[in-house]
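This is structure-v5.cif. It holds mmCIF, C-alpha atoms.
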data_final
loop_
_atom_site.label_atom_id
_atom_site.label_comp_id
_atom_site.auth_asym_id
_atom_site.auth_seq_id
_atom_site.Cartn_x
_atom_site.Cartn_y
_atom_site.Cartn_z
CA VAL J 1 116.65 228.38 76.82
CA LEU J 2 112.87 228.25 77.13
CA THR J 3 111.15 231.49 77.95
CA ASP J 4 108.11 231.65 80.20
CA ARG J 5 105.69 232.02 77.29
CA TYR J 6 106.91 228.74 75.86
CA ILE J 7 106.51 227.00 79.19
CA PHE J 8 102.80 227.80 79.33
CA SER J 9 102.33 226.81 75.69
CA LEU J 10 104.11 223.51 76.28
CA MET J 11 102.08 222.92 79.44
CA ALA J 12 98.78 223.52 77.61
CA ARG J 13 99.74 221.23 74.75
CA ALA J 14 100.84 218.46 77.12
CA ILE J 15 97.61 218.74 79.09
CA ALA J 16 95.59 218.73 75.85
CA ARG J 17 97.39 215.51 74.95
CA GLY J 18 96.29 213.92 78.22
CA GLU J 19 99.31 214.40 80.47
CA ASP J 20 98.66 214.77 84.19
CA ARG J 21 98.19 218.46 85.02
CA ALA J 22 99.86 218.24 88.45
CA TRP J 23 102.89 216.44 87.02
CA ILE J 24 103.24 218.98 84.20
CA GLU J 25 103.09 221.85 86.70
CA ARG J 26 105.82 220.23 88.83
CA VAL J 27 108.03 219.71 85.78
CA ALA J 28 107.58 223.36 84.73
CA SER J 29 108.03 224.76 88.23
CA PHE J 30 111.64 225.76 87.49
CA ALA J 31 110.51 228.63 85.27
CA LEU J 32 110.85 232.19 86.49
CA VAL J 33 107.64 233.92 87.49
CA PRO J 34 107.00 236.63 84.88
CA HIS J 35 105.63 240.08 85.65
CA ALA J 36 102.71 239.41 83.32
CA ILE J 37 101.43 236.71 81.01
CA TYR J 38 99.44 237.86 77.99
CA TYR J 39 96.97 235.37 76.60
CA LEU J 40 95.71 236.34 73.15
CA ARG J 41 92.52 234.34 73.30
CA ALA J 42 90.36 233.31 70.38
CA GLU J 43 87.74 230.63 69.86
CA VAL J 44 88.43 227.74 67.51
CA ARG J 45 85.93 229.15 65.00
CA ASP J 46 88.20 232.22 64.75
CA LEU J 47 91.36 230.14 64.39
CA VAL J 48 90.18 227.98 61.48
CA PRO J 49 90.05 230.77 58.85
CA ARG J 50 93.35 232.21 60.11
CA VAL J 51 95.09 228.88 59.65
CA VAL J 52 93.56 228.19 56.25
CA LEU J 53 94.17 231.71 54.93
CA GLY J 54 97.58 232.12 56.58
CA GLN J 55 99.14 228.70 55.96
CA GLY J 56 96.88 227.39 53.23
CA ALA J 57 96.28 224.13 55.07
CA PHE J 58 96.06 222.55 58.50
CA ASP J 59 99.32 221.46 60.10
CA HIS J 60 99.61 217.84 61.26
CA TRP J 61 100.72 218.72 64.81
CA GLU J 62 98.53 221.79 65.30
CA SER J 63 95.61 219.62 64.23
CA GLY J 64 96.45 217.00 66.84
CA MET J 65 96.58 214.30 64.19
CA ASP J 66 98.91 212.33 66.47
CA MET J 67 96.02 212.11 68.95
CA ARG J 68 93.93 210.12 66.44
CA PHE J 69 90.78 212.23 66.77
CA GLY J 70 89.88 211.11 63.27
CA ALA J 71 91.12 211.12 59.71
CA ASP J 72 89.72 214.57 58.88
CA MET J 73 92.27 217.31 59.67
CA HIS J 74 89.60 219.98 60.14
CA ASP J 75 87.67 217.95 62.73
CA SER J 76 90.88 216.93 64.46
CA PHE J 77 92.05 220.57 64.51
CA VAL J 78 88.78 221.65 66.12
CA LYS J 79 88.92 218.91 68.78
CA TYR J 80 92.60 219.40 69.61
CA GLN J 81 92.55 223.21 69.65
CA THR J 82 89.41 223.13 71.82
CA ARG J 83 91.40 221.08 74.34
CA VAL J 84 94.37 223.47 74.16
CA ILE J 85 92.10 226.49 74.70
CA HIS J 86 90.42 224.77 77.64
CA ALA J 87 93.83 224.07 79.21
CA LEU J 88 94.94 227.68 78.65
CA ASP J 89 91.66 229.01 80.09
CA ARG J 90 92.23 227.01 83.28
CA MET J 91 95.84 228.21 83.51
CA ALA J 92 94.68 231.80 82.90
CA LYS J 93 92.63 231.64 86.08
CA ARG J 94 95.31 229.91 88.13
CA TYR J 95 98.24 232.08 86.98
CA ASN J 96 96.36 235.36 86.45
CA PHE J 97 96.98 235.73 82.73
CA VAL J 98 96.04 239.06 81.19
CA ILE J 99 93.44 237.97 78.64
CA VAL J 100 93.42 239.89 75.37
CA ASP J 101 90.65 239.37 72.81
CA ALA J 102 92.57 238.08 69.80
CA THR J 103 89.59 238.62 67.52
CA LYS J 104 90.19 242.37 67.57
CA THR J 105 92.18 244.05 64.84
CA PRO J 106 95.98 243.94 65.10
CA ASP J 107 96.01 247.69 65.88
CA GLN J 108 93.50 247.26 68.71
CA ILE J 109 95.45 244.35 70.15
CA PHE J 110 98.69 246.31 69.92
CA ARG J 111 97.20 249.31 71.75
CA GLU J 112 95.75 247.09 74.48
CA LEU J 113 99.09 245.33 74.98
CA GLN J 114 100.93 248.64 74.90
CA ARG J 115 98.68 250.07 77.66
CA SER J 116 98.97 246.96 79.79
CA ILE J 117 102.72 246.64 79.42
CA GLY J 118 103.12 250.35 80.12
CA LYS J 119 101.51 249.83 83.53
CA LEU J 120 104.32 247.46 84.48
CA PHE J 121 106.89 250.27 84.46
#
Produce structure tokens that represent the structure in this file.
Amino acid sequence: VLTDRYIFSLMARAIARGEDRAWIERVASFALVPHAIYYLRAEVRDLVPRVVLGQGAFDHWESGMDMRFGADMHDSFVKYQTRVIHALDRMAKRYNFVIVDATKTPDQIFRELQRSIGKLF
């Protein structure tokens, strides 16, 4: 079973790969409407060191290598992730995502999420 957070991630990736936005939204329309959607947003320049330090290398799919942006995984990663972020930014406006600055420390992010989630109850 796909949860709502996966639906938005799949939508953004499909849009970044050139799928029709309206069609993707119709396909995903079966999903339940969540009480809140938290978007931990970072710029590509912040993602690159996280990927390299965390995984040790760029992933083929996360770099959009299937999109043929070029032979260099770094450049392809930057181009593809820029498209994904752009798609998520547009969805954030349309679906009222709660945007959290993912460049903050883990403790700061946790406290911000904790406060926001606490308001739901």
The PyMOL selection byres ((chain J and resi 46-51) around 9) resolved against shown file, as a list in words: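 Checked against the file, the PyMOL selection byres ((chain J and resi 46-51) around 9) matches Ala42, Glu43, Val44, Arg45, Val52, Leu53, Gly54, Gln55, Gly56, Ala57, Phe58, Asp59, His74, Phe77, Val78, Gln81, Ala102 and Thr103 of chain J.
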Nearest candidate to J:Gln114 (options J:Gly64, J:Ile24, J:Val100, J:Pro34; using all atoms listed in the file): J:Val100
Reference answer for the PyMOL selection byres ((chain J and resi 101) around 12), as a PyMOL selection string: chain J and resi 38-43+46+98-100+102-106+108-113
Between atom CA of J:Met11 and atom CA of J:Arg90 - distance in Å to one decimal: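 The value is 11.3 Å.
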Applying the PyMOL selection byres ((chain J and resi 21) around 12) to the file I just gave you, which residues come out? Please list them as a PDB file with C-alpha atoms, keeping the file's coordinate frame.
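Output contents, as saved in result-v8.pdb:
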ATOM      1  CA  PHE J   8     102.800 227.800  79.330  1.00  0.00           C
ATOM      2  CA  LEU J  10     104.110 223.510  76.280  1.00  0.00           C
ATOM      3  CA  MET J  11     102.080 222.920  79.440  1.00  0.00           C
ATOM      4  CA  ALA J  12      98.780 223.520  77.610  1.00  0.00           C
ATOM      5  CA  ARG J  13      99.740 221.230  74.750  1.00  0.00           C
ATOM      6  CA  ALA J  14     100.840 218.460  77.120  1.00  0.00           C
ATOM      7  CA  ILE J  15      97.610 218.740  79.090  1.00  0.00           C
ATOM      8  CA  ALA J  16      95.590 218.730  75.850  1.00  0.00           C
ATOM      9  CA  ARG J  17      97.390 215.510  74.950  1.00  0.00           C
ATOM     10  CA  GLY J  18      96.290 213.920  78.220  1.00  0.00           C
ATOM     11  CA  GLU J  19      99.310 214.400  80.470  1.00  0.00           C
ATOM     12  CA  ASP J  20      98.660 214.770  84.190  1.00  0.00           C
ATOM     13  CA  ALA J  22      99.860 218.240  88.450  1.00  0.00           C
ATOM     14  CA  TRP J  23     102.890 216.440  87.020  1.00  0.00           C
ATOM     15  CA  ILE J  24     103.240 218.980  84.200  1.00  0.00           C
ATOM     16  CA  GLU J  25     103.090 221.850  86.700  1.00  0.00           C
ATOM     17  CA  ARG J  26     105.820 220.230  88.830  1.00  0.00           C
ATOM     18  CA  VAL J  27     108.030 219.710  85.780  1.00  0.00           C
ATOM     19  CA  ALA J  28     107.580 223.360  84.730  1.00  0.00           C
ATOM     20  CA  ALA J  87      93.830 224.070  79.210  1.00  0.00           C
ATOM     21  CA  LEU J  88      94.940 227.680  78.650  1.00  0.00           C
ATOM     22  CA  ARG J  90      92.230 227.010  83.280  1.00  0.00           C
ATOM     23  CA  MET J  91      95.840 228.210  83.510  1.00  0.00           C
TER      24      MET J  91
END
At a cut-off of 12 Å around the point (97.0, 216.3, 59.0) (file coordinates), what residues fall inside when counting all atoms listed in the file? I'd like the answer as an mmCIF file with C-alpha atoms, keeping the file's coordinate frame.
data_model
loop_
_atom_site.group_PDB
_atom_site.id
_atom_site.type_symbol
_atom_site.label_atom_id
_atom_site.label_comp_id
_atom_site.auth_asym_id
_atom_site.auth_seq_id
_atom_site.Cartn_x
_atom_site.Cartn_y
_atom_site.Cartn_z
ATOM 1 C CA ALA J 57 96.280 224.130 55.070
ATOM 2 C CA PHE J 58 96.060 222.550 58.500
ATOM 3 C CA ASP J 59 99.320 221.460 60.100
ATOM 4 C CA HIS J 60 99.610 217.840 61.260
ATOM 5 C CA TRP J 61 100.720 218.720 64.810
ATOM 6 C CA GLU J 62 98.530 221.790 65.300
ATOM 7 C CA SER J 63 95.610 219.620 64.230
ATOM 8 C CA GLY J 64 96.450 217.000 66.840
ATOM 9 C CA MET J 65 96.580 214.300 64.190
ATOM 10 C CA ASP J 66 98.910 212.330 66.470
ATOM 11 C CA MET J 67 96.020 212.110 68.950
ATOM 12 C CA ARG J 68 93.930 210.120 66.440
ATOM 13 C CA PHE J 69 90.780 212.230 66.770
ATOM 14 C CA GLY J 70 89.880 211.110 63.270
ATOM 15 C CA ALA J 71 91.120 211.120 59.710
ATOM 16 C CA ASP J 72 89.720 214.570 58.880
ATOM 17 C CA MET J 73 92.270 217.310 59.670
ATOM 18 C CA HIS J 74 89.600 219.980 60.140
ATOM 19 C CA ASP J 75 87.670 217.950 62.730
ATOM 20 C CA SER J 76 90.880 216.930 64.460
ATOM 21 C CA PHE J 77 92.050 220.570 64.510
ATOM 22 C CA TYR J 80 92.600 219.400 69.610
#
Distance in Å - atom CA of J:Asn96 versus atom CA of J:Val33: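 Separation of atom CA of J:Asn96 and atom CA of J:Val33: 11.4 Å.
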Two-atom distance - atom CA of J:Phe121, atom CA of J:Ala92 (Å):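 Between atom CA of J:Phe121 and atom CA of J:Ala92 the gap works out to 22.2 Å.
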Closest of J:Lys79, J:His35, J:His86, J:Lys93 to J:Gly118 - atom-to-atom distances counting only C-alpha atoms: J:His35
